[in-house]
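Coordinates as given in coords_19.txt (compact mmCIF, C-alpha atoms and all ligand atoms):
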```txt
# COMPACT_ATOMS: atom_id res chain seq x y z
CA MET A 178 -95.47 53.43 51.55
CA SER A 179 -95.59 50.00 49.90
CA VAL A 180 -94.45 49.83 46.29
CA ASP A 181 -94.26 46.92 43.86
CA VAL A 182 -91.03 46.35 41.98
CA ILE A 183 -91.52 45.40 38.32
CA PRO A 184 -88.29 43.60 37.28
CA GLY A 185 -87.08 44.89 33.94
CA LEU A 186 -90.02 47.37 33.96
CA GLU A 187 -91.94 44.78 31.95
CA GLY A 188 -95.26 46.18 30.78
CA ILE A 189 -94.58 49.68 32.16
CA ALA A 190 -95.07 52.50 29.63
CA ILE A 191 -92.48 55.19 30.34
CA ALA A 192 -93.40 57.61 27.54
CA GLU A 193 -95.84 58.32 24.74
CA SER A 194 -94.04 57.76 21.45
CA GLY A 195 -94.94 57.94 17.78
CA VAL A 196 -91.57 56.72 16.48
CA SER A 197 -92.10 52.98 16.10
CA PHE A 198 -94.60 50.26 16.91
CA VAL A 199 -94.23 46.53 17.54
CA ASP A 200 -96.97 43.90 17.53
CA GLY A 201 -95.17 41.07 19.30
CA GLN A 202 -97.91 38.51 18.67
CA ALA A 203 -98.28 39.18 14.95
CA GLY A 204 -94.54 39.80 14.44
CA ARG A 205 -94.99 43.28 12.99
CA LEU A 206 -92.74 46.33 13.23
CA GLU A 207 -93.62 49.79 11.92
CA TYR A 208 -91.68 53.04 11.78
CA ARG A 209 -94.03 56.03 11.92
CA GLY A 210 -96.82 53.64 10.88
CA ILE A 211 -95.01 52.18 7.85
CA ASP A 212 -94.24 48.45 7.84
CA VAL A 213 -90.49 47.94 8.15
CA ALA A 214 -90.65 45.27 5.43
CA LEU A 215 -91.83 47.96 2.97
CA LEU A 216 -89.01 50.25 4.02
CA ALA A 217 -86.47 47.41 3.68
CA GLU A 218 -87.72 46.80 0.16
CA HIS A 219 -88.05 50.36 -1.12
CA SER A 220 -86.18 52.80 1.12
CA THR A 221 -82.61 53.74 1.97
CA PHE A 222 -81.14 54.20 5.42
CA GLU A 223 -80.96 57.97 4.89
CA GLU A 224 -84.62 58.18 3.87
CA THR A 225 -85.66 55.95 6.79
CA SER A 226 -83.64 58.13 9.18
CA TYR A 227 -85.50 61.19 7.90
CA LEU A 228 -88.80 59.37 8.44
CA LEU A 229 -87.87 58.46 12.01
CA LEU A 230 -86.67 61.96 12.88
CA TYR A 231 -89.42 64.00 11.25
CA GLY A 232 -92.40 61.64 11.18
CA LYS A 233 -92.95 61.53 7.41
CA LEU A 234 -91.17 60.41 4.28
CA PRO A 235 -89.17 63.24 2.68
CA THR A 236 -89.91 64.80 -0.68
CA SER A 237 -87.07 64.46 -3.18
CA ASP A 238 -85.85 67.99 -2.35
CA GLN A 239 -85.95 67.29 1.38
CA LEU A 240 -84.11 64.01 0.89
CA ALA A 241 -81.45 65.66 -1.29
CA GLU A 242 -80.91 68.35 1.35
CA PHE A 243 -80.80 65.74 4.15
CA ARG A 244 -78.27 63.61 2.25
CA ALA A 245 -76.12 66.62 1.41
CA SER A 246 -76.04 67.79 5.02
CA ILE A 247 -75.11 64.28 6.20
CA ASN A 248 -72.40 64.07 3.55
CA ALA A 249 -71.02 67.46 4.57
CA ALA A 250 -70.89 66.36 8.23
CA SER A 251 -69.21 63.01 7.50
CA PRO A 252 -65.51 64.01 7.55
CA LEU A 253 -63.86 63.67 10.96
CA LYS A 254 -61.75 66.40 12.52
CA PHE A 255 -58.08 65.47 12.56
CA ARG A 256 -58.09 65.68 16.36
CA ILE A 257 -60.85 63.06 16.50
CA VAL A 258 -58.81 60.84 14.19
CA ASP A 259 -55.77 61.39 16.43
CA LEU A 260 -57.85 60.54 19.48
CA MET A 261 -58.93 57.26 17.87
CA LYS A 262 -55.31 56.48 17.01
CA CYS A 263 -54.52 56.67 20.73
CA LEU A 264 -57.16 54.06 21.62
CA PRO A 265 -55.85 50.50 22.02
CA GLU A 266 -56.16 48.67 18.68
CA THR A 267 -57.08 45.54 20.65
CA GLY A 268 -59.94 47.38 22.36
CA HIS A 269 -63.53 46.65 21.38
CA PRO A 270 -64.77 48.93 18.55
CA MET A 271 -67.99 49.45 20.51
CA ASP A 272 -65.99 51.05 23.33
CA ALA A 273 -64.09 53.11 20.76
CA LEU A 274 -67.38 54.30 19.28
CA GLN A 275 -68.90 55.21 22.62
CA ALA A 276 -65.77 57.06 23.77
CA THR A 277 -65.35 58.91 20.47
CA VAL A 278 -68.98 60.01 20.26
CA ALA A 279 -68.70 61.37 23.81
CA ALA A 280 -65.48 63.20 22.82
CA ILE A 281 -67.08 64.64 19.66
CA GLY A 282 -69.47 66.54 21.96
CA MET A 283 -66.50 68.50 23.32
CA PHE A 284 -66.05 70.14 19.91
CA TYR A 285 -69.53 71.66 20.16
CA PRO A 286 -69.52 73.80 23.31
CA ASN A 287 -72.97 75.22 22.45
CA ARG A 288 -74.55 71.80 22.37
CA HIS A 289 -76.95 72.45 25.27
CA ASP A 290 -80.30 74.30 25.15
CA LEU A 291 -80.60 73.81 21.40
CA ASP A 292 -83.31 75.46 19.32
CA GLU A 293 -85.11 73.49 16.61
CA GLU A 294 -82.62 74.28 13.87
CA ALA A 295 -79.63 73.41 16.06
CA ARG A 296 -81.30 70.11 16.99
CA ASN A 297 -81.72 69.26 13.32
CA ILE A 298 -78.05 70.01 12.68
CA ALA A 299 -77.04 67.89 15.68
CA CYS A 300 -79.07 64.91 14.40
CA ARG A 301 -77.45 65.04 10.97
CA LYS A 302 -73.97 65.43 12.46
CA LEU A 303 -74.41 62.48 14.79
CA ILE A 304 -75.81 60.18 12.09
CA ALA A 305 -72.89 61.12 9.82
CA LYS A 306 -70.13 61.01 12.38
CA THR A 307 -71.02 57.72 14.08
CA THR A 308 -70.80 56.04 10.67
CA SER A 309 -67.44 57.66 9.93
CA VAL A 310 -66.12 56.73 13.39
CA VAL A 311 -67.02 53.04 13.00
CA ALA A 312 -65.40 52.87 9.55
CA SER A 313 -62.32 54.85 10.56
CA PHE A 314 -61.58 52.94 13.76
CA GLN A 315 -61.62 49.78 11.69
CA ARG A 316 -58.93 51.24 9.40
CA LEU A 317 -56.85 52.87 12.11
CA ARG A 318 -56.65 49.83 14.35
CA ARG A 319 -55.14 47.77 11.56
CA GLY A 320 -52.55 50.48 10.94
CA ASP A 321 -54.10 52.08 7.83
CA GLU A 322 -54.56 55.83 7.50
CA TYR A 323 -57.94 57.59 7.78
CA ILE A 324 -59.71 58.05 4.44
CA ALA A 325 -62.02 61.06 4.07
CA PRO A 326 -65.56 60.36 2.81
CA ARG A 327 -66.37 61.14 -0.84
CA LYS A 328 -68.95 63.69 -1.99
CA ASP A 329 -70.45 61.33 -4.59
CA LEU A 330 -71.28 58.46 -2.22
CA SER A 331 -74.23 57.79 0.06
CA LEU A 332 -73.73 57.41 3.80
CA ILE A 333 -73.52 53.63 3.49
CA GLY A 334 -71.44 53.82 0.31
CA ASN A 335 -68.97 56.00 2.21
CA PHE A 336 -68.97 53.59 5.14
CA LEU A 337 -67.81 50.76 2.87
CA TYR A 338 -65.38 53.07 1.02
CA MET A 339 -63.87 54.42 4.24
CA ILE A 340 -63.17 50.88 5.49
CA ASN A 341 -61.79 49.40 2.27
CA GLY A 342 -60.58 52.40 0.24
CA GLU A 343 -62.37 50.96 -2.81
CA ASP A 344 -65.56 51.76 -4.68
CA PRO A 345 -68.39 50.12 -2.74
CA ASP A 346 -69.99 47.02 -4.26
CA PRO A 347 -73.57 48.17 -5.13
CA ASP A 348 -75.09 44.87 -3.92
CA HIS A 349 -73.27 45.14 -0.60
CA GLU A 350 -74.33 48.76 -0.28
CA ARG A 351 -77.97 47.80 -0.88
CA ILE A 352 -77.90 44.90 1.61
CA LEU A 353 -76.20 47.03 4.26
CA ASN A 354 -78.90 49.66 3.71
CA VAL A 355 -81.49 46.99 4.46
CA CYS A 356 -79.62 45.92 7.62
CA LEU A 357 -79.43 49.49 8.86
CA ILE A 358 -83.09 50.16 8.06
CA LEU A 359 -84.08 47.07 10.05
CA HIS A 360 -82.01 48.10 13.08
CA ALA A 361 -82.90 51.80 13.11
CA ASP A 362 -85.53 51.78 15.85
CA HIS A 363 -87.37 49.34 18.07
CA THR A 364 -89.66 51.05 20.57
CA MET A 365 -88.66 51.22 24.23
CA ASN A 366 -85.70 48.84 24.38
CA ALA A 367 -82.88 49.15 26.92
CA SER A 368 -80.65 51.52 24.90
CA THR A 369 -83.51 53.79 23.82
CA PHE A 370 -84.77 53.96 27.39
CA SER A 371 -81.24 54.71 28.55
CA GLY A 372 -80.97 57.51 25.96
CA ARG A 373 -84.32 58.95 26.98
CA VAL A 374 -83.36 58.94 30.67
CA VAL A 375 -80.19 60.87 29.85
CA ALA A 376 -82.13 63.17 27.49
CA SER A 377 -84.61 63.89 30.30
CA THR A 378 -81.79 65.44 32.35
CA GLY A 379 -81.23 68.01 29.61
CA ALA A 380 -77.94 66.40 28.55
CA ASP A 381 -76.72 67.15 25.03
CA PRO A 382 -77.32 64.75 22.09
CA CYS A 383 -73.74 63.42 22.00
CA THR A 384 -74.11 62.35 25.63
CA VAL A 385 -77.54 60.86 24.90
CA VAL A 386 -76.14 58.78 22.02
CA SER A 387 -73.03 57.79 23.92
CA SER A 388 -75.08 56.52 26.88
CA ALA A 389 -77.38 54.59 24.54
CA LEU A 390 -74.30 53.04 22.89
CA GLY A 391 -73.14 51.84 26.30
CA ALA A 392 -76.49 50.13 26.91
CA LEU A 393 -76.45 48.58 23.43
CA SER A 394 -73.04 46.99 23.99
CA GLY A 395 -74.31 44.32 26.41
CA PRO A 396 -74.73 40.68 25.32
CA LEU A 397 -78.43 40.70 26.24
CA HIS A 398 -79.00 43.56 23.79
CA GLY A 399 -76.91 44.49 20.73
CA GLY A 400 -73.98 42.26 21.59
CA ALA A 401 -75.86 39.00 20.95
CA ASN A 402 -75.01 38.78 17.22
CA GLU A 403 -71.33 38.29 18.03
CA ASP A 404 -72.29 35.47 20.39
CA VAL A 405 -74.39 33.86 17.65
CA MET A 406 -71.38 33.71 15.30
CA ALA A 407 -69.23 32.27 18.11
CA LEU A 408 -71.90 29.62 18.67
CA LEU A 409 -72.04 28.74 14.95
CA ASP A 410 -68.23 28.41 14.92
CA THR A 411 -68.19 26.26 18.05
CA ILE A 412 -70.85 23.94 16.69
CA GLY A 413 -68.89 23.71 13.43
CA SER A 414 -71.12 21.30 11.51
CA VAL A 415 -74.80 20.62 10.89
CA GLU A 416 -74.53 17.20 12.60
CA ASN A 417 -73.26 18.78 15.81
CA ALA A 418 -76.04 21.35 15.97
CA ARG A 419 -78.78 19.18 17.48
CA PRO A 420 -76.76 17.56 20.29
CA TYR A 421 -75.04 20.83 21.11
CA VAL A 422 -78.23 22.86 21.34
CA GLU A 423 -80.14 20.12 23.16
CA ASN A 424 -77.37 20.09 25.72
CA MET A 425 -77.71 23.88 26.12
CA ILE A 426 -81.46 23.49 26.54
CA ALA A 427 -81.02 20.69 29.11
CA LYS A 428 -78.65 22.92 31.06
CA LYS A 429 -81.03 25.89 30.69
CA ILE A 430 -78.33 27.93 28.94
CA LYS A 431 -79.84 30.77 26.92
CA ILE A 432 -79.28 30.43 23.18
CA PRO A 433 -77.99 33.70 21.71
CA GLY A 434 -80.17 35.20 19.00
CA PHE A 435 -83.38 33.75 20.45
CA GLY A 436 -86.07 35.19 22.66
CA HIS A 437 -87.44 38.67 22.97
CA ARG A 438 -89.33 40.62 25.59
CA VAL A 439 -91.96 41.68 23.05
CA TYR A 440 -91.95 39.17 20.16
CA LYS A 441 -93.60 35.86 20.93
CA THR A 442 -93.21 34.78 17.31
CA MET A 443 -90.47 35.20 14.69
CA ASP A 444 -89.00 38.70 14.77
CA PRO A 445 -89.94 40.24 11.38
CA ARG A 446 -86.40 41.58 11.03
CA ALA A 447 -85.05 38.04 11.40
CA THR A 448 -87.36 36.87 8.59
CA ILE A 449 -85.88 39.45 6.21
CA LEU A 450 -82.28 38.94 7.30
CA LYS A 451 -82.66 35.17 6.95
CA LYS A 452 -83.32 35.63 3.21
CA TYR A 453 -80.25 37.84 2.78
CA ALA A 454 -78.09 35.46 4.83
CA GLU A 455 -79.15 32.59 2.58
CA SER A 456 -78.58 34.51 -0.66
CA LEU A 457 -75.14 35.74 0.42
CA ILE A 458 -73.81 32.48 1.84
CA LYS A 459 -74.98 30.15 -0.92
CA HIS A 460 -72.00 31.23 -3.05
CA THR A 461 -69.60 30.05 -0.34
CA ASP A 462 -68.78 26.67 1.22
CA LYS A 463 -69.37 27.96 4.74
CA PRO A 464 -71.71 25.84 6.90
CA HIS A 465 -72.98 28.74 9.04
CA PHE A 466 -76.38 29.17 7.43
CA GLN A 467 -77.18 25.44 7.44
CA ILE A 468 -76.10 25.19 11.08
CA ALA A 469 -78.31 28.19 11.88
CA LEU A 470 -81.29 26.49 10.19
CA GLU A 471 -80.72 23.35 12.26
CA ILE A 472 -80.48 25.38 15.49
CA GLU A 473 -83.68 27.19 14.54
CA LYS A 474 -85.41 23.82 14.04
CA VAL A 475 -84.23 22.36 17.36
CA VAL A 476 -85.11 25.50 19.31
CA ALA A 477 -88.58 25.58 17.70
CA GLU A 478 -89.21 21.97 18.77
CA HIS A 479 -88.42 22.83 22.37
CA TYR A 480 -89.39 26.46 22.77
CA ALA A 481 -91.90 27.53 20.10
CA GLU A 482 -94.80 27.10 22.51
CA LYS A 483 -92.96 29.20 25.06
CA GLY A 484 -92.71 31.99 22.45
CA ILE A 485 -88.94 31.79 21.99
CA TRP A 486 -88.08 32.45 18.34
CA PRO A 487 -85.14 33.92 16.43
CA ASN A 488 -84.63 37.62 17.06
CA VAL A 489 -82.90 40.21 14.84
CA ASP A 490 -79.47 39.08 16.01
CA PHE A 491 -79.77 35.46 14.90
CA PHE A 492 -79.16 35.97 11.17
CA SER A 493 -77.59 39.45 11.13
CA GLY A 494 -74.12 38.14 11.99
CA ILE A 495 -74.06 35.87 8.93
CA VAL A 496 -75.07 38.79 6.72
CA TYR A 497 -72.48 41.15 8.21
CA SER A 498 -69.74 38.52 7.92
CA GLU A 499 -70.50 38.02 4.24
CA LEU A 500 -70.35 41.80 3.73
CA GLY A 501 -66.80 41.67 5.12
CA ILE A 502 -67.63 43.37 8.41
CA PRO A 503 -65.43 42.05 11.22
CA ARG A 504 -67.26 40.30 14.01
CA ASP A 505 -66.47 42.84 16.69
CA CYS A 506 -67.91 45.59 14.43
CA PHE A 507 -71.38 44.01 14.31
CA THR A 508 -72.63 45.90 17.35
CA PRO A 509 -71.06 49.21 16.27
CA VAL A 510 -72.84 48.82 12.90
CA PHE A 511 -76.05 48.18 14.83
CA GLY A 512 -75.26 51.34 16.84
CA MET A 513 -74.65 53.55 13.80
CA SER A 514 -78.09 52.49 12.57
CA ARG A 515 -79.92 52.88 15.90
CA VAL A 516 -78.53 56.38 16.32
CA SER A 517 -81.38 57.59 14.07
CA GLY A 518 -83.95 56.02 16.37
CA TRP A 519 -82.27 57.31 19.52
CA LEU A 520 -82.22 60.83 18.10
CA ALA A 521 -85.89 60.58 17.10
CA HIS A 522 -86.60 59.64 20.73
CA TRP A 523 -84.39 62.50 21.93
CA LEU A 524 -86.44 64.96 19.84
CA GLU A 525 -89.61 63.49 21.36
CA GLN A 526 -88.26 63.51 24.90
CA VAL A 527 -87.26 67.17 24.88
CA GLN A 528 -90.82 68.15 23.93
CA GLY A 529 -92.69 68.56 27.23
CA ASN A 530 -89.84 66.87 29.07
CA ARG A 531 -90.01 65.79 32.69
CA ILE A 532 -86.86 64.32 34.24
CA PHE A 533 -87.03 60.58 34.95
CA ARG A 534 -86.99 59.95 38.65
CA PRO A 535 -88.48 56.55 39.47
CA THR A 536 -88.70 55.17 42.95
CA GLN A 537 -87.36 52.07 44.71
CA LYS A 538 -88.43 49.58 47.31
CA TYR A 539 -85.94 50.04 50.12
CA VAL A 540 -84.84 46.72 51.60
CA GLY A 541 -81.92 47.91 53.78
CA GLY A 542 -81.77 48.54 57.52
CA HIS A 543 -82.47 51.66 59.60
CA GLN A 544 -80.93 53.34 62.61
CA GLN A 545 -77.73 51.29 62.33
CA PRO A 546 -74.93 52.19 64.77
CA TYR A 547 -71.73 53.78 63.48
CA ILE A 548 -68.89 51.45 64.61
CA ALA A 549 -65.52 53.10 64.92
CA LEU A 550 -62.90 51.89 62.42
CA ASP A 551 -60.71 50.20 65.03
CA LYS A 552 -63.73 48.29 66.41
CA ARG A 553 -64.88 46.66 63.10
N1 LIG B 601 -82.72 30.63 25.10
C1 LIG B 601 -83.37 29.83 25.97
N2 LIG B 601 -84.33 30.26 26.82
C2 LIG B 601 -84.65 31.55 26.77
C3 LIG B 601 -84.05 32.44 25.86
C4 LIG B 601 -83.04 31.94 25.01
N3 LIG B 601 -82.39 32.73 24.17
N4 LIG B 601 -84.56 33.66 26.04
C5 LIG B 601 -85.47 33.54 27.00
N5 LIG B 601 -85.53 32.27 27.46
C6 LIG B 601 -86.39 31.74 28.52
C7 LIG B 601 -85.81 32.11 29.88
O1 LIG B 601 -84.92 31.12 30.37
C8 LIG B 601 -87.07 32.20 30.71
O2 LIG B 601 -87.50 30.90 31.00
P1 LIG B 601 -88.21 30.55 32.41
O3 LIG B 601 -89.47 31.37 32.43
O4 LIG B 601 -88.46 29.09 32.32
O5 LIG B 601 -87.24 30.96 33.48
C9 LIG B 601 -88.10 32.80 29.75
O6 LIG B 601 -87.66 32.41 28.44
C10 LIG B 601 -88.17 34.32 29.80
O7 LIG B 601 -86.84 34.81 29.61
P2 LIG B 601 -86.33 36.17 30.19
O8 LIG B 601 -84.83 36.19 30.12
O9 LIG B 601 -86.96 36.43 31.50
O10 LIG B 601 -86.94 37.16 29.12
P3 LIG B 601 -86.61 38.70 29.01
O11 LIG B 601 -87.75 39.29 28.30
O12 LIG B 601 -86.21 39.26 30.32
O13 LIG B 601 -85.28 38.74 28.09
C11 LIG B 601 -83.89 38.54 26.21
C12 LIG B 601 -85.30 38.90 26.72
C13 LIG B 601 -82.86 39.31 27.04
C14 LIG B 601 -83.76 38.98 24.77
C15 LIG B 601 -83.68 37.03 26.35
O14 LIG B 601 -84.58 36.35 25.50
C16 LIG B 601 -82.25 36.62 26.04
O15 LIG B 601 -81.40 36.68 26.95
N6 LIG B 601 -81.96 36.17 24.78
C17 LIG B 601 -80.62 35.80 24.39
C18 LIG B 601 -79.77 37.03 24.09
C19 LIG B 601 -80.24 37.74 22.81
O16 LIG B 601 -80.43 37.12 21.77
N7 LIG B 601 -80.35 39.07 22.88
C20 LIG B 601 -80.72 39.90 21.73
C21 LIG B 601 -82.13 40.40 21.88
S1 LIG B 601 -82.62 41.37 20.49
C22 LIG B 601 -81.89 42.87 20.76
O17 LIG B 601 -81.69 43.31 21.85
C23 LIG B 601 -81.44 43.62 19.61
```
For the structure just supplied, provide its representation as structure tokens.
Amino acid sequence: MSVDVIPGLEGIAIAESGVSFVDGQAGRLEYRGIDVALLAEHSTFEETSYLLLYGKLPTSDQLAEFRASINAASPLKFRIVDLMKCLPETGHPMDALQATVAAIGMFYPNRHDLDEEARNIACRKLIAKTTSVVASFQRLRRGDEYIAPRKDLSLIGNFLYMINGEDPDPDHERILNVCLILHADHTMNASTFSGRVVASTGADPCTVVSSALGALSGPLHGGANEDVMALLDTIGSVENARPYVENMIAKKIKIPGFGHRVYKTMDPRATILKKYAESLIKHTDKPHFQIALEIEKVVAEHYAEKGIWPNVDFFSGIVYSELGIPRDCFTPVFGMSRVSGWLAHWLEQVQGNRIFRPTQKYVGGHQQPYIALDKR
């Protein structure tokens, strides 16, 4: 039977989903039908997570209950903290996050065949614990002790508190909320697809999230924001930006933070993050934002017609850096946001599930002889 291979599955719908929607031509992103720009302006990450999971905005009672259950699930078991202490402090925090989330599953032996209530509990636990793991690994790897989350703080407030041990700056908490809202879901990207494939096997939600984290770690996906900051550092000054980027273009080297399979215009998340990057960096003497603007200009001159524009990763690194988040924690922070989207897709996938089992176009040989070892 002859089959066509579609590289990267471009244009292939692999599921029906009501979680999020992207219009790549208009540069529009919606969660459950609500424009992400509205959520960035008015919502919190917890409220947006509720929306993604349950399909509608919560009432104030529902939100209070959701927040309380997340807060209650935020502390980490001492054995999880011990496990993180054993991980190499020079290791990448994304690997630490993926490994720890997988290990957390071992503490919940009844995590398979979950009923609706157990699924809800699992979602809240995973949203809470991924955030605590990212914050705690950051402390532990620099030799500081684990700090337990506080009852009076939001999820993001606790994230900042658990890293620094100080009351969170309300402006930083608000901006980080916006960042996490913007990263919380994005239709059928590589990590979400990966999570849905694993979910389709009946695997438990910790395994689903841990596999999605692995997919997110790659430089073509969530890892690009680190590369953007490295590029801004390497370029070093606004004057160097044009020759450096033109040289990359001449050599057909991909510019990190640009291009997208779906967006053929500016990514709406990049538009919002650009404003925050500008407002945060203007109080400093760092050249990063001005260099980024120059890169954006040069890339637009060469590639706008080809539909290559800044994506979410282009300005997020500047924002995270100004919030004091270390560069190698950018992708873990992205991951602790996207966990809400992955879990919303998990809940969808387990309804009327059929295991993913695509096909292939075989290009190998047939009827090959077996040559004895001493004859090869
Ligand atoms: N710089 C220069 N050229 C680019 C870029 C870029 N960043 N991105 C795409 N192109 C060009 C390709 O060279 C290719 O050109 P060609 O047709 O002349 O060969 C064309 O645009 C299509 O590119 P593909 O890589 O085939 O597009 P695809 O949809 O497979 O990949 C991706 C999308 C992976 C995001 C790509 O644009 C890329 O590698 N960007 C840089 C890494 C990055 O920023 N990743 C973060 C994406 S957002 C996210 O995952 C959260």
Point-to-point distance in Å for atom CA of A:Leu470 and atom O3 of ligand LIG 601 (chain B):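 For atom O3 of ligand LIG 601 (chain B) relative to atom CA of A:Leu470, the distance reads 24.2 Å.
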Around ligand LIG 601 (chain B), with edges along x, y and z and 6 Å added on all six sides, what centre and edge lengths do you get, in Å to one decimal, as AutoDock Vina command-line options?
```
--center_x -84.6 --center_y 36.4 --center_z 26.5 --size_x 21.7 --size_y 26.5 --size_z 25.9
```
Spatial neighbours of stretch 511-514 of chain A, max dist 10 Å, all atoms listed in the file, sep filter under 4 positions, as a ChimeraX atom specification: /A:222-223,226,271,274-275,303-311,354,356-362,368,386-387,389-391,393-394,399-400,402,490,493,506-507,518-519
Pick from A:Ala367, A:Ile426, A:Val374, A:Ala250, whichever lies nearest to A:Pro326 using all atoms listed in the file: A:Ala250
Which residue of A:Gly379, A:Gly484, A:Pro509, A:Pro433 approaches ligand LIG 601 (chain B) most closely, using all atoms listed in the file: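 Under the stated criterion, the closest residue is A:Pro433.
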Scan for residues within 12 Å of the point (-60.3, 66.6, 7.7) in the coordinates of the file, using all atoms listed in the file, and reply as a compact mmCIF listing (two decimals) with C-alpha atoms, in the frame of the given file.
```
# COMPACT_ATOMS: atom_id res chain seq x y z
CA ALA A 249 -71.02 67.46 4.57
CA ALA A 250 -70.89 66.36 8.23
CA SER A 251 -69.21 63.01 7.50
CA PRO A 252 -65.51 64.01 7.55
CA LEU A 253 -63.86 63.67 10.96
CA LYS A 254 -61.75 66.40 12.52
CA PHE A 255 -58.08 65.47 12.56
CA ARG A 256 -58.09 65.68 16.36
CA ILE A 257 -60.85 63.06 16.50
CA VAL A 258 -58.81 60.84 14.19
CA ASP A 259 -55.77 61.39 16.43
CA SER A 309 -67.44 57.66 9.93
CA TYR A 323 -57.94 57.59 7.78
CA ILE A 324 -59.71 58.05 4.44
CA ALA A 325 -62.02 61.06 4.07
CA PRO A 326 -65.56 60.36 2.81
CA ARG A 327 -66.37 61.14 -0.84
```
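Pocket residues of ligand LIG 601 (chain B), taken as those with any atom at most 6 Å away using all atoms listed in the file, are Leu397, His398, Gly399, Ala401, Lys431, Ile432, Pro433, Gly434, Phe435, Gly436, His437, Arg438, Asn488, Val489 and Asp490 of chain A.
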Å distance separating atom CA of A:Gly413 from atom CA of A:Gly501, one decimal place: 19.9 Å
For A:Leu228: contacts at 9 Å, all atoms listed in the file, fewer than 6 positions along chain excluded, given as a list in words: Val196, Tyr208, Arg209, Leu234 and Pro235 of chain A
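Atom to atom, atom CA of A:Leu215 and atom CA of A:Leu330 stand 23.7 Å apart.
When only C-alpha atoms are used to measure the gap to A:Pro487, the shortest distance among A:Val415, A:Met443, A:Val475, A:Ile502 belongs to A:Met443.
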Which of A:Pro535, A:Val496, A:Asp505, A:Phe491 sits closest to A:Thr267 [using only C-alpha atoms]: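 Using only C-alpha atoms, A:Thr267 sits closest to A:Asp505.
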Polymer residues at most 12 Å from A:Ser456, only C-alpha atoms, same-chain spacing of 6 or more positions, as number ranges by chain: A: 348-349, 352, 449-450, 466, 492, 495-496, 499-500
Closest of A:Thr508, A:Gln315, A:Gln467, A:Asn297 to A:Tyr231 - atom-to-atom distances counting all atoms listed in the file: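 The shortest atom-to-atom distance to A:Tyr231 comes from A:Asn297.
Each of A:Ile485, A:Ala392, A:Ala469, A:Cys383 was compared to A:Ala407 using all atoms listed in the file, and A:Ala469 turns out to be the nearest.
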